[in-house]
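Next comes run_23.pdb, with PDB, C-alpha atoms and all ligand atoms.
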ATOM      1  CA  VAL A 937     165.857  87.718 112.123
ATOM      2  CA  PRO A 938     162.788  86.611 114.113
ATOM      3  CA  ARG A 939     163.373  84.910 117.462
ATOM      4  CA  THR A 940     162.811  81.158 117.465
ATOM      5  CA  THR A 941     161.362  79.980 120.737
ATOM      6  CA  ILE A 942     160.586  76.346 121.375
ATOM      7  CA  GLY A 943     158.287  74.923 123.992
ATOM      8  CA  VAL A 944     158.794  71.382 125.279
ATOM      9  CA  ASP A 945     156.161  69.281 127.027
ATOM     10  CA  PHE A 946     158.220  66.722 128.966
ATOM     11  CA  GLY A 947     155.675  64.050 129.886
ATOM     12  CA  GLY A 948     156.034  60.755 131.709
ATOM     13  CA  THR A 949     155.702  58.774 128.464
ATOM     14  CA  ARG A 950     156.246  61.271 125.602
ATOM     15  CA  ILE A 951     158.378  64.342 124.952
ATOM     16  CA  LYS A 952     156.653  66.821 122.630
ATOM     17  CA  ALA A 953     158.293  69.979 121.331
ATOM     18  CA  GLY A 954     156.923  72.775 119.178
ATOM     19  CA  VAL A 955     158.053  75.998 117.551
ATOM     20  CA  VAL A 956     155.834  78.642 119.113
ATOM     21  CA  ASP A 957     154.829  81.975 117.656
ATOM     22  CA  GLY A 958     152.572  83.946 119.963
ATOM     23  CA  GLY A 959     149.781  81.624 121.051
ATOM     24  CA  GLU A 960     150.229  79.225 118.122
ATOM     25  CA  VAL A 961     152.326  76.075 117.764
ATOM     26  CA  GLU A 962     153.751  76.043 114.226
ATOM     27  CA  LYS A 963     155.371  72.630 113.931
ATOM     28  CA  THR A 964     155.997  69.817 116.363
ATOM     29  CA  GLU A 965     158.287  66.864 116.951
ATOM     30  CA  SER A 966     158.045  64.158 119.587
ATOM     31  CA  THR A 967     159.769  61.091 120.971
ATOM     32  CA  ASP A 968     159.373  58.594 123.823
ATOM     33  CA  THR A 969     160.513  59.366 127.362
ATOM     34  CA  TYR A 970     162.986  56.570 128.000
ATOM     35  CA  GLY A 971     166.116  55.739 129.989
ATOM     36  CA  ALA A 972     168.278  57.414 132.610
ATOM     37  CA  PRO A 973     168.114  61.204 133.103
ATOM     38  CA  ALA A 974     171.105  61.796 130.774
ATOM     39  CA  ASP A 975     169.350  59.826 127.998
ATOM     40  CA  VAL A 976     166.093  61.717 128.535
ATOM     41  CA  LEU A 977     167.935  65.062 128.421
ATOM     42  CA  ASP A 978     169.687  63.948 125.191
ATOM     43  CA  ALA A 979     166.274  63.031 123.742
ATOM     44  CA  ILE A 980     164.822  66.446 124.637
ATOM     45  CA  ALA A 981     167.818  68.184 123.006
ATOM     46  CA  MET A 982     167.388  65.965 119.929
ATOM     47  CA  VAL A 983     163.692  66.810 119.368
ATOM     48  CA  VAL A 984     164.461  70.503 119.849
ATOM     49  CA  ARG A 985     167.306  70.340 117.279
ATOM     50  CA  ARG A 986     165.029  68.546 114.819
ATOM     51  CA  LEU A 987     162.874  71.687 114.909
ATOM     52  CA  GLU A 988     165.668  74.262 115.015
ATOM     53  CA  THR A 989     169.432  73.760 115.121
ATOM     54  CA  LYS A 990     170.022  77.121 116.831
ATOM     55  CA  PRO A 991     166.979  78.094 118.907
ATOM     56  CA  ASP A 992     167.046  81.455 120.702
ATOM     57  CA  ALA A 993     165.263  80.163 123.780
ATOM     58  CA  VAL A 994     163.746  76.903 124.991
ATOM     59  CA  GLY A 995     161.179  76.393 127.738
ATOM     60  CA  VAL A 996     160.429  73.007 129.278
ATOM     61  CA  ALA A 997     157.258  72.002 131.127
ATOM     62  CA  ILE A 998     157.898  69.128 133.568
ATOM     63  CA  PRO A 999     155.404  66.909 135.428
ATOM     64  CA  GLY A1000     157.004  67.829 138.748
ATOM     65  CA  GLU A1001     158.637  70.709 140.583
ATOM     66  CA  CYS A1002     161.886  72.611 140.212
ATOM     67  CA  ASP A1003     163.520  75.660 141.768
ATOM     68  CA  ALA A1004     163.928  79.054 140.081
ATOM     69  CA  ALA A1005     167.260  77.934 138.540
ATOM     70  CA  GLY A1006     165.606  74.917 136.889
ATOM     71  CA  ARG A1007     166.988  72.277 139.252
ATOM     72  CA  CYS A1008     164.499  69.450 139.724
ATOM     73  CA  TYR A1009     163.038  68.863 143.188
ATOM     74  CA  ARG A1010     160.679  66.050 142.354
ATOM     75  CA  LEU A1011     159.539  64.229 139.203
ATOM     76  CA  PRO A1012     157.455  61.274 140.430
ATOM     77  CA  ASN A1013     156.772  59.688 137.011
ATOM     78  CA  VAL A1014     160.335  59.779 135.641
ATOM     79  CA  PRO A1015     162.885  58.040 137.905
ATOM     80  CA  GLY A1016     166.218  59.576 138.855
ATOM     81  CA  PHE A1017     165.550  63.252 138.176
ATOM     82  CA  GLU A1018     165.608  64.504 141.780
ATOM     83  CA  GLY A1019     168.380  67.097 142.043
ATOM     84  CA  VAL A1020     169.174  67.127 138.312
ATOM     85  CA  PRO A1021     169.875  70.705 137.093
ATOM     86  CA  ILE A1022     167.593  70.337 134.048
ATOM     87  CA  ALA A1023     167.919  73.933 132.808
ATOM     88  CA  ALA A1024     171.725  73.941 133.051
ATOM     89  CA  GLU A1025     172.087  70.493 131.453
ATOM     90  CA  LEU A1026     169.838  71.396 128.505
ATOM     91  CA  GLY A1027     171.435  74.842 128.172
ATOM     92  CA  ARG A1028     174.814  73.143 127.798
ATOM     93  CA  ARG A1029     173.463  70.760 125.154
ATOM     94  CA  LEU A1030     171.562  73.399 123.174
ATOM     95  CA  GLY A1031     173.722  76.507 123.639
ATOM     96  CA  CYS A1032     170.838  78.778 124.559
ATOM     97  CA  LYS A1033     168.787  79.979 127.501
ATOM     98  CA  VAL A1034     166.524  77.246 128.901
ATOM     99  CA  GLY A1035     163.643  77.780 131.327
ATOM    100  CA  VAL A1036     162.053  74.928 133.298
ATOM    101  CA  GLU A1037     158.732  74.982 135.124
ATOM    102  CA  ASN A1038     155.969  72.727 136.431
ATOM    103  CA  ASP A1039     153.578  71.736 133.617
ATOM    104  CA  ALA A1040     150.386  73.029 135.241
ATOM    105  CA  THR A1041     152.068  76.342 136.064
ATOM    106  CA  THR A1042     153.270  76.489 132.456
ATOM    107  CA  ALA A1043     149.754  75.814 131.170
ATOM    108  CA  ALA A1044     148.525  78.633 133.427
ATOM    109  CA  LEU A1045     151.127  80.952 131.879
ATOM    110  CA  GLY A1046     149.992  80.043 128.337
ATOM    111  CA  GLU A1047     146.343  80.519 129.272
ATOM    112  CA  SER A1048     147.167  83.826 130.954
ATOM    113  CA  LEU A1049     148.887  85.223 127.858
ATOM    114  CA  TYR A1050     146.749  83.817 125.030
ATOM    115  CA  GLY A1051     143.587  82.264 126.473
ATOM    116  CA  HIS A1052     140.968  83.146 129.091
ATOM    117  CA  GLY A1053     143.591  85.147 131.009
ATOM    118  CA  ARG A1054     143.049  87.991 128.545
ATOM    119  CA  THR A1055     139.507  88.338 129.943
ATOM    120  CA  TYR A1056     140.117  87.171 133.521
ATOM    121  CA  PRO A1057     143.333  88.571 135.078
ATOM    122  CA  SER A1058     143.191  86.319 138.187
ATOM    123  CA  PHE A1059     142.379  82.636 137.785
ATOM    124  CA  ALA A1060     143.225  79.118 138.854
ATOM    125  CA  MET A1061     144.240  76.578 136.216
ATOM    126  CA  VAL A1062     143.207  73.027 137.097
ATOM    127  CA  THR A1063     144.801  70.261 135.011
ATOM    128  CA  LEU A1064     142.872  66.990 135.157
ATOM    129  CA  GLY A1065     144.779  63.806 134.396
ATOM    130  CA  THR A1066     146.724  61.102 136.246
ATOM    131  CA  GLY A1067     147.393  63.854 138.725
ATOM    132  CA  VAL A1068     145.383  66.957 139.544
ATOM    133  CA  GLY A1069     147.716  69.860 138.828
ATOM    134  CA  GLY A1070     147.268  73.541 139.347
ATOM    135  CA  GLY A1071     148.566  76.973 138.568
ATOM    136  CA  ILE A1072     147.539  80.266 140.126
ATOM    137  CA  VAL A1073     147.602  83.540 138.187
ATOM    138  CA  ILE A1074     147.057  86.741 140.182
ATOM    139  CA  ASP A1075     146.667  90.026 138.283
ATOM    140  CA  ARG A1076     148.324  88.434 135.214
ATOM    141  CA  HIS A1077     151.323  87.158 137.215
ATOM    142  CA  VAL A1078     151.878  83.431 137.615
ATOM    143  CA  ARG A1079     152.453  82.641 141.288
ATOM    144  CA  ARG A1080     155.166  79.964 141.221
ATOM    145  CA  GLY A1081     155.885  80.199 144.945
ATOM    146  CA  ALA A1082     159.021  80.744 147.015
ATOM    147  CA  HIS A1083     160.239  77.189 146.292
ATOM    148  CA  GLY A1084     158.359  76.333 143.076
ATOM    149  CA  PHE A1085     155.477  74.610 144.856
ATOM    150  CA  GLY A1086     152.896  77.365 144.361
ATOM    151  CA  GLY A1087     149.475  76.371 143.063
ATOM    152  CA  GLU A1088     149.686  72.662 143.988
ATOM    153  CA  ILE A1089     145.924  72.526 144.409
ATOM    154  CA  GLY A1090     145.781  68.775 143.724
ATOM    155  CA  HIS A1091     147.075  68.319 147.261
ATOM    156  CA  VAL A1092     144.518  70.468 149.016
ATOM    157  CA  ALA A1093     143.087  68.105 151.646
ATOM    158  CA  ILE A1094     139.337  67.538 151.430
ATOM    159  CA  ASP A1095     139.096  64.523 153.773
ATOM    160  CA  ARG A1096     140.672  64.534 157.246
ATOM    161  CA  SER A1097     139.018  61.327 158.457
ATOM    162  CA  PRO A1098     141.301  58.487 159.681
ATOM    163  CA  ASN A1099     140.416  56.324 156.652
ATOM    164  CA  ALA A1100     140.940  59.048 154.026
ATOM    165  CA  PRO A1101     142.329  57.548 150.778
ATOM    166  CA  ARG A1102     146.065  57.696 150.124
ATOM    167  CA  CYS A1103     147.268  60.177 147.526
ATOM    168  CA  PRO A1104     150.208  59.337 145.188
ATOM    169  CA  CYS A1105     152.111  62.113 147.037
ATOM    170  CA  GLY A1106     152.144  59.910 150.143
ATOM    171  CA  LEU A1107     149.667  61.898 152.242
ATOM    172  CA  HIS A1108     146.012  61.061 152.773
ATOM    173  CA  GLY A1109     142.838  62.883 151.790
ATOM    174  CA  CYS A1110     144.192  65.117 148.967
ATOM    175  CA  VAL A1111     141.680  65.964 146.216
ATOM    176  CA  GLU A1112     143.915  64.053 143.754
ATOM    177  CA  ALA A1113     143.046  60.866 145.685
ATOM    178  CA  PHE A1114     139.413  61.502 144.630
ATOM    179  CA  ALA A1115     139.715  63.142 141.211
ATOM    180  CA  GLY A1116     142.905  61.735 139.643
ATOM    181  CA  THR A1117     142.560  59.178 136.828
ATOM    182  CA  ASN A1118     143.368  56.165 139.018
ATOM    183  CA  ALA A1119     140.848  57.242 141.648
ATOM    184  CA  LEU A1120     138.137  57.490 138.973
ATOM    185  CA  LEU A1121     138.959  54.060 137.537
ATOM    186  CA  GLY A1122     138.980  52.559 141.034
ATOM    187  CA  ARG A1123     135.660  54.147 141.930
ATOM    188  CA  PHE A1124     134.032  52.950 138.677
ATOM    189  CA  GLN A1125     135.256  49.436 139.406
ATOM    190  CA  ALA A1126     133.970  49.581 142.997
ATOM    191  CA  LEU A1127     130.548  50.456 141.586
ATOM    192  CA  GLY A1128     130.687  47.365 139.336
ATOM    193  CA  GLY A1129     131.918  48.932 136.104
ATOM    194  CA  HIS A1130     134.908  47.867 134.012
ATOM    195  CA  CYS A1131     137.106  50.296 132.072
ATOM    196  CA  ALA A1132     140.814  50.625 131.303
ATOM    197  CA  ASP A1133     140.635  54.306 130.440
ATOM    198  CA  VAL A1134     138.822  57.314 131.901
ATOM    199  CA  LEU A1135     137.623  58.322 128.433
ATOM    200  CA  ASP A1136     135.677  55.030 128.379
ATOM    201  CA  ILE A1137     133.931  56.078 131.604
ATOM    202  CA  ALA A1138     133.070  59.394 129.946
ATOM    203  CA  GLU A1139     131.649  57.495 126.968
ATOM    204  CA  ALA A1140     129.570  55.286 129.286
ATOM    205  CA  ALA A1141     128.291  58.397 131.062
ATOM    206  CA  GLY A1142     127.325  59.805 127.666
ATOM    207  CA  ARG A1143     125.190  56.684 127.119
ATOM    208  CA  GLY A1144     123.485  57.287 130.467
ATOM    209  CA  ASP A1145     125.332  54.600 132.486
ATOM    210  CA  THR A1146     124.354  55.507 136.073
ATOM    211  CA  ARG A1147     127.615  54.194 137.592
ATOM    212  CA  ALA A1148     129.680  56.322 135.216
ATOM    213  CA  LEU A1149     127.480  59.346 135.900
ATOM    214  CA  GLN A1150     127.984  58.789 139.631
ATOM    215  CA  VAL A1151     131.785  58.699 139.203
ATOM    216  CA  PHE A1152     131.768  62.127 137.528
ATOM    217  CA  ASP A1153     129.209  63.483 139.998
ATOM    218  CA  GLU A1154     131.513  62.506 142.884
ATOM    219  CA  MET A1155     134.540  63.888 141.047
ATOM    220  CA  GLY A1156     132.785  67.246 140.608
ATOM    221  CA  ASP A1157     131.861  67.269 144.296
ATOM    222  CA  ALA A1158     135.497  66.576 145.313
ATOM    223  CA  LEU A1159     136.774  69.345 143.010
ATOM    224  CA  GLY A1160     134.019  71.591 144.414
ATOM    225  CA  TRP A1161     135.299  71.138 147.975
ATOM    226  CA  MET A1162     138.858  71.921 146.885
ATOM    227  CA  LEU A1163     137.849  74.942 144.790
ATOM    228  CA  THR A1164     135.662  76.298 147.597
ATOM    229  CA  ASN A1165     138.797  76.415 149.745
ATOM    230  CA  VAL A1166     140.709  78.129 146.923
ATOM    231  CA  GLN A1167     137.888  80.618 146.384
ATOM    232  CA  ASN A1168     137.502  81.398 150.101
ATOM    233  CA  VAL A1169     141.186  82.345 150.154
ATOM    234  CA  LEU A1170     141.615  84.070 146.781
ATOM    235  CA  ASP A1171     138.198  85.220 145.424
ATOM    236  CA  LEU A1172     139.340  84.702 141.805
ATOM    237  CA  ASP A1173     137.830  85.919 138.498
ATOM    238  CA  ALA A1174     137.554  82.433 136.931
ATOM    239  CA  ILE A1175     138.592  78.794 137.166
ATOM    240  CA  VAL A1176     139.980  77.181 133.989
ATOM    241  CA  PHE A1177     140.157  73.407 133.421
ATOM    242  CA  SER A1178     142.483  71.554 131.061
ATOM    243  CA  GLY A1179     143.719  68.014 130.452
ATOM    244  CA  GLY A1180     142.047  65.055 128.772
ATOM    245  CA  ILE A1181     139.012  64.896 131.080
ATOM    246  CA  ALA A1182     138.290  68.598 130.559
ATOM    247  CA  ALA A1183     136.605  67.510 127.295
ATOM    248  CA  SER A1184     133.964  65.865 129.504
ATOM    249  CA  PHE A1185     133.603  68.902 131.716
ATOM    250  CA  SER A1186     129.821  69.056 131.320
ATOM    251  CA  LEU A1187     129.671  65.768 133.305
ATOM    252  CA  ILE A1188     131.543  67.309 136.229
ATOM    253  CA  GLU A1189     130.151  70.842 136.225
ATOM    254  CA  PRO A1190     126.685  70.371 137.854
ATOM    255  CA  SER A1191     127.950  68.774 141.075
ATOM    256  CA  LEU A1192     131.018  71.033 141.161
ATOM    257  CA  ARG A1193     128.812  74.128 140.940
ATOM    258  CA  ARG A1194     126.355  72.738 143.489
ATOM    259  CA  THR A1195     129.129  72.149 146.031
ATOM    260  CA  LEU A1196     130.741  75.534 145.376
ATOM    261  CA  ARG A1197     127.407  77.288 145.900
ATOM    262  CA  SER A1198     126.577  75.422 149.088
ATOM    263  CA  ARG A1199     130.061  75.692 150.674
ATOM    264  CA  ALA A1200     131.449  79.070 149.580
ATOM    265  CA  HIS A1201     131.840  81.598 152.384
ATOM    266  CA  ALA A1202     129.844  84.213 150.424
ATOM    267  CA  ASN A1203     127.413  83.855 147.515
ATOM    268  CA  PRO A1204     129.496  85.606 144.805
ATOM    269  CA  LEU A1205     132.381  83.171 145.423
ATOM    270  CA  GLY A1206     130.196  80.289 144.259
ATOM    271  CA  GLU A1207     129.152  82.028 141.031
ATOM    272  CA  ILE A1208     132.688  82.185 139.597
ATOM    273  CA  PRO A1209     132.893  81.317 135.841
ATOM    274  CA  LEU A1210     134.005  77.691 135.303
ATOM    275  CA  LEU A1211     135.740  77.461 131.909
ATOM    276  CA  VAL A1212     137.517  74.921 129.730
ATOM    277  CA  SER A1213     140.980  76.021 128.519
ATOM    278  CA  ALA A1214     140.894  78.144 125.363
ATOM    279  CA  LEU A1215     144.278  76.738 124.313
ATOM    280  CA  GLY A1216     143.463  73.089 125.003
ATOM    281  CA  GLU A1217     146.379  70.705 124.554
ATOM    282  CA  ARG A1218     148.762  73.405 123.368
ATOM    283  CA  ALA A1219     148.619  75.454 126.623
ATOM    284  CA  GLY A1220     151.670  73.616 128.027
ATOM    285  CA  ILE A1221     153.931  74.074 124.973
ATOM    286  CA  VAL A1222     152.816  77.671 124.447
ATOM    287  CA  GLY A1223     153.390  78.482 128.122
ATOM    288  CA  ALA A1224     156.757  76.719 128.154
ATOM    289  CA  ALA A1225     157.980  78.696 125.136
ATOM    290  CA  ASN A1226     157.081  81.889 126.980
ATOM    291  CA  LEU A1227     159.013  80.985 130.158
ATOM    292  CA  CYS A1228     162.137  82.759 128.963
ATOM    293  CA  ALA A1229     160.190  85.816 127.857
ATOM    294  CA  THR A1230     158.757  86.551 131.301
TER     295      THR A1230
HETATM  296 ZN    ZN B1301     148.579  64.544 147.652
END
Rewrite the coordinates I just gave you, this time as structure tokens.
Amino acid sequence: VPRTTIGVDFGGTRIKAGVVDGGEVEKTESTDTYGAPADVLDAIAMVVRRLETKPDAVGVAIPGECDAAGRCYRLPNVPGFEGVPIAAELGRRLGCKVGVENDATTAALGESLYGHGRTYPSFAMVTLGTGVGGGIVIDRHVRRGAHGFGGEIGHVAIDRSPNAPRCPCGLHGCVEAFAGTNALLGRFQALGGHCADVLDIAEAAGRGDTRALQVFDEMGDALGWMLTNVQNVLDLDAIVFSGGIAASFSLIEPSLRRTLRSRAHANPLGEIPLLVSALGERAGIVGAANLCAT
């Protein structure tokens, strides 16, 4: 009997689950993220059971951090989850082994096993969205960190001036405060543009709108400062981008590369391959399903 492993992408608004075989997602189910933690956990168990009544293993990618036992430290977009033992609670509901991990780290795991990681053993995964997430893979091992906070590159500080912008994490000057979705929308508005969605800014940039082009140019520069710091420490084989805005990566790449080249401690560090995820949207579910296998 083949093993049935299910990956769950537990997002702030939607819960998506898929039966995963290797690097492929075979069928999916989803539902809204709604209610108190117990209701959300019931909803996750329900979408998993819709796919498979007796799964062998389930992995869950969360938009926050947890410890090695799957107890949640922080989940900023879903209230009430601090301290909830997510893995134990879901294991009880589903009767199988459940692994829980940060979503960017999970995406890095998927990419490591079935995407660019097959060519580049050491890389940083950068997830671009509401937040700027990250995962670090060194010699094919995902570095989750002593407390589950490894690879949080969205909170690398790139501005230490007294008026540095506030990051959603509460500190000031993090790269997320420059390159997260809300920062981009705010910057576009400050330049006189009007958009409700970052994809609209990308569309405007595609039409040659100079304000939109400037937003992405500045975003690339901010990411370039952060990635220069990462490169100066780790000297990686590649940097991989995922998330909705990664589809517009060509708008970000020129300024990102320019900043990397001008700021890197040594020339080769600035020439690192900059890639868009080979797995795209399925990196999170694929990685989550593989949590219990590694
Ligand atoms: Zn921050």
Residue IDs satisfying the PyMOL selection byres (((not hetatm)) within 10 of (chain B and resi 1301)), as a tab-separated table (two decimals) with C-alpha atoms, keeping the file's coordinate frame:
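Wrote out.tsv, looks like this:
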chain	number	residue	atom	x	y	z
A	1067	GLY	CA	147.39	63.85	138.72
A	1068	VAL	CA	145.38	66.96	139.54
A	1088	GLU	CA	149.69	72.66	143.99
A	1089	ILE	CA	145.92	72.53	144.41
A	1090	GLY	CA	145.78	68.78	143.72
A	1091	HIS	CA	147.07	68.32	147.26
A	1092	VAL	CA	144.52	70.47	149.02
A	1093	ALA	CA	143.09	68.10	151.65
A	1101	PRO	CA	142.33	57.55	150.78
A	1102	ARG	CA	146.06	57.70	150.12
A	1103	CYS	CA	147.27	60.18	147.53
A	1104	PRO	CA	150.21	59.34	145.19
A	1105	CYS	CA	152.11	62.11	147.04
A	1106	GLY	CA	152.14	59.91	150.14
A	1107	LEU	CA	149.67	61.90	152.24
A	1108	HIS	CA	146.01	61.06	152.77
A	1109	GLY	CA	142.84	62.88	151.79
A	1110	CYS	CA	144.19	65.12	148.97
A	1111	VAL	CA	141.68	65.96	146.22
A	1112	GLU	CA	143.92	64.05	143.75
A	1113	ALA	CA	143.05	60.87	145.68
Result set of the PyMOL selection byres (((chain A and resi 1171) around 10) and not hetatm) on the coordinates above, as a ChimeraX atom specification
/A:1058-1059,1164-1170,1172-1174,1202,1204-1206,1208
Around (136.3, 72.2, 130.1) in the file's frame, which residues reach within 7 Å when counting only C-alpha atoms? Return as a compact mmCIF listing (two decimals) with C-alpha atoms, in the coordinates of the input?
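Result file follows (out38.txt):
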# COMPACT_ATOMS: atom_id res chain seq x y z
CA PHE A 1177 140.16 73.41 133.42
CA SER A 1178 142.48 71.55 131.06
CA ALA A 1182 138.29 68.60 130.56
CA ALA A 1183 136.60 67.51 127.30
CA SER A 1184 133.96 65.86 129.50
CA PHE A 1185 133.60 68.90 131.72
CA LEU A 1211 135.74 77.46 131.91
CA VAL A 1212 137.52 74.92 129.73
CA SER A 1213 140.98 76.02 128.52
Nearest to Asp1136 (chain A), chosen from A:Ser1186, A:Gly1065, A:Pro999, A:Leu1121, with all atoms listed in the file counted in the distances
A:Leu1121
I would like the residues chosen by the PyMOL selection byres (((chain A and resi 1160) around 9) and not hetatm) on the shown file; could you give them as an NGL selection string?
:A and (1155-1159 or 1161-1165 or 1191-1197 or 1199)
Which one is closest to Glu1189 (chain A): A:Ala1044, A:Cys1131, A:Ala1225, A:Leu1149? Count all atoms listed in the file.
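For Glu1189 (chain A), the nearest of the candidates is A:Leu1149.
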Could you jot down the CA of Gly1129 (chain A) to CA of Gly1070 (chain A) separation for me, Å, one decimal place?
29.2 Å
Report the distance between CA of Arg950 (chain A) and CA of Gly971 (chain A) in Å, rounded to one decimal place.
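Rounded to one decimal, the two atoms are 12.1 Å apart.
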Just the residues within 8 Å of Glu960 (chain A), please, counting all atoms listed in the file, with nothing from its chain fewer than 2 positions along; format it as an MDAnalysis selection string.
chainID A and resid 956:958 962 1218 1222
For the contact check between region 1060-1154 of chain A and region 1046-1053 of chain A, emit one row per residue of region 1060-1154 of chain A within 10 Å, containing the shortest atom pair and the distance in Å rounded to one decimal, counting only C-alpha atoms, chain then rising number order, as a tab-separated table.
residue	atom	partner	partner_atom	distance
A:Ala1060	CA	A:Gly1053	CA	9.9
A:Met1061	CA	A:Glu1047	CA	8.3
A:Ile1072	CA	A:Ser1048	CA	9.8
A:Val1073	CA	A:Ser1048	CA	7.3
A:Ile1074	CA	A:Ser1048	CA	9.7
A:Asp1075	CA	A:Gly1053	CA	9.3
A:Arg1076	CA	A:Ser1048	CA	6.4
A:His1077	CA	A:Ser1048	CA	8.2
A:Val1078	CA	A:Ser1048	CA	8.2
Hey, can you spit out that residue selection with C-alpha atoms as a short mmCIF file (atom, residue, chain, number, x, y, z; two decimals), keeping the file's coordinate frame?
data_model
loop_
_atom_site.label_atom_id
_atom_site.label_comp_id
_atom_site.auth_asym_id
_atom_site.auth_seq_id
_atom_site.Cartn_x
_atom_site.Cartn_y
_atom_site.Cartn_z
CA ALA A 1060 143.22 79.12 138.85
CA MET A 1061 144.24 76.58 136.22
CA ILE A 1072 147.54 80.27 140.13
CA VAL A 1073 147.60 83.54 138.19
CA ILE A 1074 147.06 86.74 140.18
CA ASP A 1075 146.67 90.03 138.28
CA ARG A 1076 148.32 88.43 135.21
CA HIS A 1077 151.32 87.16 137.22
CA VAL A 1078 151.88 83.43 137.62
#
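With distances taken over all atoms listed in the file, A:Arg1147 is the one residue among A:Ala1141, A:Thr941, A:Arg1147, A:Thr989 lying closest to Gly1122 (chain A).
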Quick one: pull the distance between CA of Ile1181 (chain A) and CA of Gly1216 (chain A), Å, one decimal.
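A separation of 11.1 Å between them.
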In terms of the shortest atom-to-atom distance over all atoms listed in the file, which of A:Glu1217, A:Pro1098, A:Phe1017, A:Leu1227 is closest to Asp975 (chain A)?
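Using all atoms listed in the file, Asp975 (chain A) sits closest to A:Phe1017.
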How would you write as a ChimeraX atom specification the residues that get within 8 Å of (129.2, 60.7, 135.6) in the file's frame, counting all atoms listed in the file?
/A:1137-1138,1141,1145-1154,1187-1188
Using only C-alpha atoms, can you tell me which of A:Ala1115, A:Asp978, A:Arg986, A:Gly1071 comes closest to Leu1026 (chain A)?
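Of A:Ala1115, A:Asp978, A:Arg986, A:Gly1071, the one nearest Leu1026 (chain A) is A:Asp978, counting only C-alpha atoms.
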Excluding Ala1004 (chain A) and its own-chain neighbours fewer than 2 positions away, which residues fall within 7 Å of it when counting all atoms listed in the file? Please give them as a ChimeraX atom specification.
/A:1002,1006,1084
A:Pro1015, A:Pro1190, A:Pro991, A:Pro1057 ranked by distance to Gly1031 (chain A), top pick (using only C-alpha atoms)
A:Pro991
Hey, could you patch up region 1035-1039 of chain A with all heavy atoms and hand it over as a PDB file, in the frame of the given file?
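Wrote rebuild-v5.pdb, looks like this:
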ATOM      1  N   GLY A1035     164.469  77.609 130.130  1.00  0.00           N
ATOM      2  CA  GLY A1035     163.643  77.780 131.327  1.00  0.00           C
ATOM      3  C   GLY A1035     162.916  76.480 131.621  1.00  0.00           C
ATOM      4  O   GLY A1035     162.538  75.761 130.704  1.00  0.00           O
ATOM      5  N   VAL A1036     162.745  76.160 132.900  1.00  0.00           N
ATOM      6  CA  VAL A1036     162.053  74.928 133.298  1.00  0.00           C
ATOM      7  C   VAL A1036     160.996  75.278 134.335  1.00  0.00           C
ATOM      8  O   VAL A1036     161.251  76.096 135.229  1.00  0.00           O
ATOM      9  CB  VAL A1036     163.044  73.895 133.886  1.00  0.00           C
ATOM     10  CG1 VAL A1036     162.329  72.602 134.273  1.00  0.00           C
ATOM     11  CG2 VAL A1036     164.153  73.587 132.885  1.00  0.00           C
ATOM     12  N   GLU A1037     159.819  74.672 134.194  1.00  0.00           N
ATOM     13  CA  GLU A1037     158.732  74.982 135.124  1.00  0.00           C
ATOM     14  C   GLU A1037     157.753  73.822 135.185  1.00  0.00           C
ATOM     15  O   GLU A1037     157.656  73.023 134.242  1.00  0.00           O
ATOM     16  CB  GLU A1037     158.034  76.271 134.643  1.00  0.00           C
ATOM     17  CG  GLU A1037     156.954  76.813 135.538  1.00  0.00           C
ATOM     18  CD  GLU A1037     157.419  77.053 136.967  1.00  0.00           C
ATOM     19  OE1 GLU A1037     157.366  76.091 137.763  1.00  0.00           O
ATOM     20  OE2 GLU A1037     157.850  78.175 137.264  1.00  0.00           O
ATOM     21  N   ASN A1038     157.035  73.724 136.274  1.00  0.00           N
ATOM     22  CA  ASN A1038     155.969  72.727 136.431  1.00  0.00           C
ATOM     23  C   ASN A1038     154.949  72.844 135.290  1.00  0.00           C
ATOM     24  O   ASN A1038     154.607  73.940 134.861  1.00  0.00           O
ATOM     25  CB  ASN A1038     155.302  72.963 137.787  1.00  0.00           C
ATOM     26  CG  ASN A1038     154.016  72.194 137.955  1.00  0.00           C
ATOM     27  OD1 ASN A1038     152.942  72.737 137.726  1.00  0.00           O
ATOM     28  ND2 ASN A1038     154.115  70.942 138.295  1.00  0.00           N
ATOM     29  N   ASP A1039     154.441  71.697 134.811  1.00  0.00           N
ATOM     30  CA  ASP A1039     153.578  71.736 133.617  1.00  0.00           C
ATOM     31  C   ASP A1039     152.240  72.457 133.827  1.00  0.00           C
ATOM     32  O   ASP A1039     151.754  73.122 132.909  1.00  0.00           O
ATOM     33  CB  ASP A1039     153.370  70.326 133.030  1.00  0.00           C
ATOM     34  CG  ASP A1039     152.895  69.302 134.033  1.00  0.00           C
ATOM     35  OD1 ASP A1039     152.579  69.670 135.192  1.00  0.00           O
ATOM     36  OD2 ASP A1039     152.827  68.115 133.667  1.00  0.00           O
TER      37      ASP A1039
END
